[in-house]
file model29.pdb (PDB, C-alpha atoms)
ATOM      1  CA  MET A   1     112.884 114.824 258.920
ATOM      2  CA  LYS A   2     110.013 112.645 260.094
ATOM      3  CA  LEU A   3     106.708 114.479 260.386
ATOM      4  CA  SER A   4     104.179 113.648 263.053
ATOM      5  CA  ASP A   5     100.669 112.663 262.027
ATOM      6  CA  GLU A   6      99.432 115.962 263.448
ATOM      7  CA  SER A   7     101.949 117.905 261.320
ATOM      8  CA  LYS A   8     100.900 116.007 258.202
ATOM      9  CA  LYS A   9      97.262 116.720 258.964
ATOM     10  CA  GLN A  10      98.042 120.433 259.352
ATOM     11  CA  ILE A  11     100.019 120.527 256.105
ATOM     12  CA  ILE A  12      97.115 118.956 254.206
ATOM     13  CA  GLU A  13      94.636 121.338 255.845
ATOM     14  CA  VAL A  14      96.644 124.413 254.772
ATOM     15  CA  PHE A  15      97.083 122.920 251.289
ATOM     16  CA  LEU A  16      93.332 122.381 250.983
ATOM     17  CA  GLU A  17      92.714 125.962 252.145
ATOM     18  CA  THR A  18      94.895 127.122 249.247
ATOM     19  CA  ILE A  19      92.951 124.883 246.859
ATOM     20  CA  GLU A  20      89.753 126.354 248.258
ATOM     21  CA  SER A  21      90.845 129.828 247.137
ATOM     22  CA  ILE A  22      91.573 128.370 243.682
ATOM     23  CA  SER A  23      88.070 126.863 243.594
ATOM     24  CA  ASP A  24      86.158 130.059 244.396
ATOM     25  CA  ILE A  25      85.750 132.663 241.632
ATOM     26  CA  GLU A  26      83.795 135.010 243.920
ATOM     27  CA  TYR A  27      86.640 134.913 246.458
ATOM     28  CA  GLN A  28      89.114 135.640 243.667
ATOM     29  CA  LYS A  29      87.094 138.633 242.454
ATOM     30  CA  ARG A  30      86.584 139.970 245.983
ATOM     31  CA  VAL A  31      90.094 139.407 247.365
ATOM     32  CA  TRP A  32      92.484 139.163 244.419
ATOM     33  CA  ILE A  33      90.914 141.881 242.270
ATOM     34  CA  ARG A  34      89.004 144.254 244.537
ATOM     35  CA  GLY A  35      91.263 143.756 247.597
ATOM     36  CA  GLU A  36      88.291 143.440 249.929
ATOM     37  CA  GLY A  37      89.067 141.567 253.131
ATOM     38  CA  PRO A  38      89.183 140.363 255.664
ATOM     39  CA  GLU A  39      91.592 138.055 253.802
ATOM     40  CA  CYS A  40      94.893 139.365 252.520
ATOM     41  CA  ASP A  41      95.786 137.298 249.462
ATOM     42  CA  ASP A  42      96.579 137.551 245.778
ATOM     43  CA  PHE A  43      97.094 135.211 242.855
ATOM     44  CA  ASP A  44     100.900 135.238 243.115
ATOM     45  CA  GLU A  45     100.789 134.257 246.785
ATOM     46  CA  THR A  46      98.269 131.513 246.106
ATOM     47  CA  ALA A  47     100.321 130.207 243.174
ATOM     48  CA  CYS A  48     103.512 130.148 245.261
ATOM     49  CA  PHE A  49     101.855 128.312 248.145
ATOM     50  CA  PHE A  50     100.134 125.824 245.868
ATOM     51  CA  LEU A  51     103.121 125.046 243.649
ATOM     52  CA  GLU A  52     105.598 124.855 246.552
ATOM     53  CA  ASP A  53     103.356 122.576 248.604
ATOM     54  CA  SER A  54     102.109 120.319 245.819
ATOM     55  CA  ASP A  55     105.430 118.670 244.904
ATOM     56  CA  PRO A  56     106.380 117.291 248.342
ATOM     57  CA  ILE A  57     102.792 116.241 249.039
ATOM     58  CA  LEU A  58     102.409 114.503 245.670
ATOM     59  CA  GLU A  59     105.824 112.838 245.932
ATOM     60  CA  ASN A  60     104.925 111.428 249.359
ATOM     61  CA  TYR A  61     101.158 111.186 249.086
ATOM     62  CA  LYS A  62     100.938 107.798 250.808
ATOM     63  CA  ASP A  63     102.665 109.305 253.864
ATOM     64  CA  PHE A  64      99.874 111.898 253.988
ATOM     65  CA  ASN A  65      97.168 109.188 253.847
ATOM     66  CA  ILE A  66      96.034 110.398 250.434
ATOM     67  CA  THR A  67      94.209 107.762 248.424
ATOM     68  CA  ASP A  68      95.125 106.901 244.847
ATOM     69  CA  SER A  69      91.965 108.578 243.545
ATOM     70  CA  GLN A  70      92.658 111.744 245.592
ATOM     71  CA  TYR A  71      96.244 111.686 244.326
ATOM     72  CA  SER A  72      95.058 111.421 240.738
ATOM     73  CA  LEU A  73      92.814 114.480 241.108
ATOM     74  CA  LEU A  74      95.537 116.455 242.909
ATOM     75  CA  LYS A  75      98.124 115.566 240.269
ATOM     76  CA  LYS A  76      95.766 116.593 237.480
ATOM     77  CA  LEU A  77      95.101 119.928 239.207
ATOM     78  CA  ALA A  78      98.782 120.559 239.951
ATOM     79  CA  ASP A  79      99.793 119.845 236.349
ATOM     80  CA  ALA A  80      97.028 122.061 234.940
ATOM     81  CA  PHE A  81      97.814 124.870 237.387
ATOM     82  CA  GLU A  82     101.540 124.759 236.661
ATOM     83  CA  ASN A  83     100.929 124.696 232.910
ATOM     84  CA  PHE A  84      98.519 127.633 233.197
ATOM     85  CA  SER A  85     100.975 129.633 235.337
ATOM     86  CA  ASP A  86     103.809 128.945 232.903
ATOM     87  CA  THR A  87     101.629 129.869 229.919
ATOM     88  CA  ILE A  88     100.285 133.175 231.223
ATOM     89  CA  GLY A  89     103.532 134.219 232.879
ATOM     90  CA  GLU A  90     103.400 137.731 234.272
ATOM     91  CA  ASP A  91     101.528 139.088 231.271
ATOM     92  CA  TYR A  92      98.070 138.680 232.786
ATOM     93  CA  LEU A  93      96.402 139.852 235.952
ATOM     94  CA  PRO A  94      93.507 137.946 237.547
ATOM     95  CA  GLN A  95      90.980 140.430 236.200
ATOM     96  CA  ASP A  96      92.197 139.386 232.744
ATOM     97  CA  PHE A  97      92.348 135.605 233.131
ATOM     98  CA  LEU A  98      89.505 134.682 235.502
ATOM     99  CA  SER A  99      87.209 134.272 232.501
ATOM    100  CA  PHE A 100      89.691 132.206 230.460
ATOM    101  CA  PRO A 101      88.320 128.704 229.763
ATOM    102  CA  GLU A 102      91.613 127.245 231.035
ATOM    103  CA  TRP A 103      91.175 128.990 234.390
ATOM    104  CA  GLU A 104      87.530 127.963 234.618
ATOM    105  CA  LYS A 105      88.659 124.348 234.124
ATOM    106  CA  ILE A 106      91.214 124.717 236.945
ATOM    107  CA  VAL A 107      88.503 126.126 239.221
ATOM    108  CA  GLU A 108      86.339 123.076 238.484
ATOM    109  CA  MET A 109      89.264 120.711 239.108
ATOM    110  CA  ALA A 110      89.901 122.410 242.459
ATOM    111  CA  LYS A 111      86.252 121.863 243.405
ATOM    112  CA  GLU A 112      86.617 118.174 242.536
ATOM    113  CA  VAL A 113      89.703 117.892 244.755
ATOM    114  CA  LEU A 114      87.905 119.515 247.684
ATOM    115  CA  GLN A 115      84.977 117.166 247.214
ATOM    116  CA  ALA A 116      87.310 114.140 247.101
ATOM    117  CA  PHE A 117      88.789 115.215 250.452
ATOM    118  CA  ASN A 118      85.351 116.005 251.924
ATOM    119  CA  TYR A 119      86.743 119.448 252.645
ATOM    120  CA  GLN A 120      84.515 121.850 254.526
ATOM    121  CA  LYS A 121      85.442 125.513 254.707
ATOM    122  CA  LYS A 122      86.330 126.655 258.189
ATOM    123  CA  LEU A 123      83.939 129.227 259.553
ATOM    124  CA  GLU A 124      85.867 132.172 260.892
TER     125      GLU A 124
END
call {"tool": "encode", "arguments": {"input": "model29.pdb", "output": "C-alpha cells"}}
result
Amino acid sequence: MKLSDESKKQIIEVFLETIESISDIEYQKRVWIRGEGPECDDFDETACFFLEDSDPILENYKDFNITDSQYSLLKKLADAFENFSDTIGEDYLPQDFLSFPEWEKIVEMAKEVLQAFNYQKKLE
C-alpha cells in the first residue's frame, strides 16, 4: 500500500511522540509509576508502539525522508531498546529499572533522536 506524504508525516510524528516519552524520566515517573495524568500510558504500551513502529520505519527510512544520520541514531536507539526489553523481560517494573545505567543510556539516545529531528513537544 502506497502511503501519502501526509500519512508518512503523521506516522513519523506519532513515532517521535513515543520517543519523547522514552526521553523523559520525569514523565515516566509521573505517568508510568504514579499514574498521574492527564496522559494514560505505561512502559508496556510505549514499548509495543515503539518496537512495532520502528521496524517498518527503519526498513523504509528513505520513503519517510529520514536522513542517513537520523537513521543511524534511530537504529542505535531501536537496537538498544529492543536489547533492554529482551534483557529485563517481565521481571522488572519501571520503578525498578528507571535508574539502571542501561535505561539512562536509552533515555539519552532518545533525546539525541529528538534533537536530530528538531522535534518540539506539542503543547496541549
call {"tool": "atom_distance", "arguments": {"input": "model29.pdb", "atom1": "atom CA of A:Ala78", "atom2": "atom CA of A:Asp42"}}
result
18.1 Å
call {"tool": "closest_residue", "arguments": {"input": "model29.pdb", "among": "A:Ser69, A:Ser54, A:Gln120, A:Thr87", "to": "A:Phe15", "atoms": "all atoms listed in the file"}}
result
A:Ser54
call {"tool": "closest_residue", "arguments": {"input": "model29.pdb", "among": "A:Leu77, A:Val14, A:Leu98, A:Ile57", "to": "A:Lys111", "atoms": "all atoms listed in the file"}}
result
A:Leu77
call {"tool": "atom_distance", "arguments": {"input": "model29.pdb", "atom1": "atom CA of A:Asp55", "atom2": "atom CA of A:Ile22"}}
result
17.0 Å
call {"tool": "resolve_selection", "arguments": {"input": "model29.pdb", "expression": "the PyMOL selection byres ((chain A and resi 71) around 12)", "output": "CSV table (one decimal) with C-alpha atoms, in the frame of the given file"}}
result
chain,number,residue,atom,x,y,z
A,54,SER,CA,102.1,120.3,245.8
A,55,ASP,CA,105.4,118.7,244.9
A,57,ILE,CA,102.8,116.2,249.0
A,58,LEU,CA,102.4,114.5,245.7
A,59,GLU,CA,105.8,112.8,245.9
A,60,ASN,CA,104.9,111.4,249.4
A,61,TYR,CA,101.2,111.2,249.1
A,62,LYS,CA,100.9,107.8,250.8
A,63,ASP,CA,102.7,109.3,253.9
A,64,PHE,CA,99.9,111.9,254.0
A,65,ASN,CA,97.2,109.2,253.8
A,66,ILE,CA,96.0,110.4,250.4
A,67,THR,CA,94.2,107.8,248.4
A,68,ASP,CA,95.1,106.9,244.8
A,69,SER,CA,92.0,108.6,243.5
A,70,GLN,CA,92.7,111.7,245.6
A,72,SER,CA,95.1,111.4,240.7
A,73,LEU,CA,92.8,114.5,241.1
A,74,LEU,CA,95.5,116.5,242.9
A,75,LYS,CA,98.1,115.6,240.3
A,76,LYS,CA,95.8,116.6,237.5
A,77,LEU,CA,95.1,119.9,239.2
A,78,ALA,CA,98.8,120.6,240.0
A,79,ASP,CA,99.8,119.8,236.3
A,112,GLU,CA,86.6,118.2,242.5
A,113,VAL,CA,89.7,117.9,244.8
A,114,LEU,CA,87.9,119.5,247.7
A,116,ALA,CA,87.3,114.1,247.1
A,117,PHE,CA,88.8,115.2,250.5
call {"tool": "atom_distance", "arguments": {"input": "model29.pdb", "atom1": "atom CA of A:Ala110", "atom2": "atom CA of A:Phe81"}}
result
9.7 Å
call {"tool": "closest_residue", "arguments": {"input": "model29.pdb", "among": "A:Glu20, A:Asp5, A:Glu82, A:Asp44", "to": "A:Lys121", "atoms": "all atoms listed in the file"}}
result
A:Glu20
call {"tool": "closest_residue", "arguments": {"input": "model29.pdb", "among": "A:Ile88, A:Leu3, A:Ile19, A:Val31", "to": "A:Leu51", "atoms": "only C-alpha atoms"}}
result
A:Ile19
call {"tool": "closest_residue", "arguments": {"input": "model29.pdb", "among": "A:Gln28, A:Phe50, A:Glu36, A:Glu45", "to": "A:Trp103", "atoms": "all atoms listed in the file"}}
result
A:Gln28
call {"tool": "closest_residue", "arguments": {"input": "model29.pdb", "among": "A:Pro56, A:Asn83, A:Cys48, A:Cys40", "to": "A:Ile106", "atoms": "all atoms listed in the file"}}
result
A:Asn83
call {"tool": "residues_around", "arguments": {"input": "model29.pdb", "residues": "stretch 89-93 of chain A", "least_positions_apart": "4", "cutoff": "9 Å", "atoms": "all atoms listed in the file", "output": "PDB file with C-alpha atoms, in the coordinates of the input"}}
result
ATOM      1  CA  ILE A  33      90.914 141.881 242.270  1.00  0.00           C
ATOM      2  CA  PHE A  43      97.094 135.211 242.855  1.00  0.00           C
ATOM      3  CA  PHE A  84      98.519 127.633 233.197  1.00  0.00           C
ATOM      4  CA  SER A  85     100.975 129.633 235.337  1.00  0.00           C
ATOM      5  CA  PHE A  97      92.348 135.605 233.131  1.00  0.00           C
ATOM      6  CA  LEU A  98      89.505 134.682 235.502  1.00  0.00           C
TER       7      LEU A  98
END
call {"tool": "axis_aligned_box", "arguments": {"input": "model29.pdb", "around": "stretch 39-50 of chain A", "padding_each_side": "6 Å", "output": "AutoDock Vina command-line options"}}
result
--center_x 97.6 --center_y 132.6 --center_z 248.3 --size_x 23.9 --size_y 25.5 --size_z 22.9
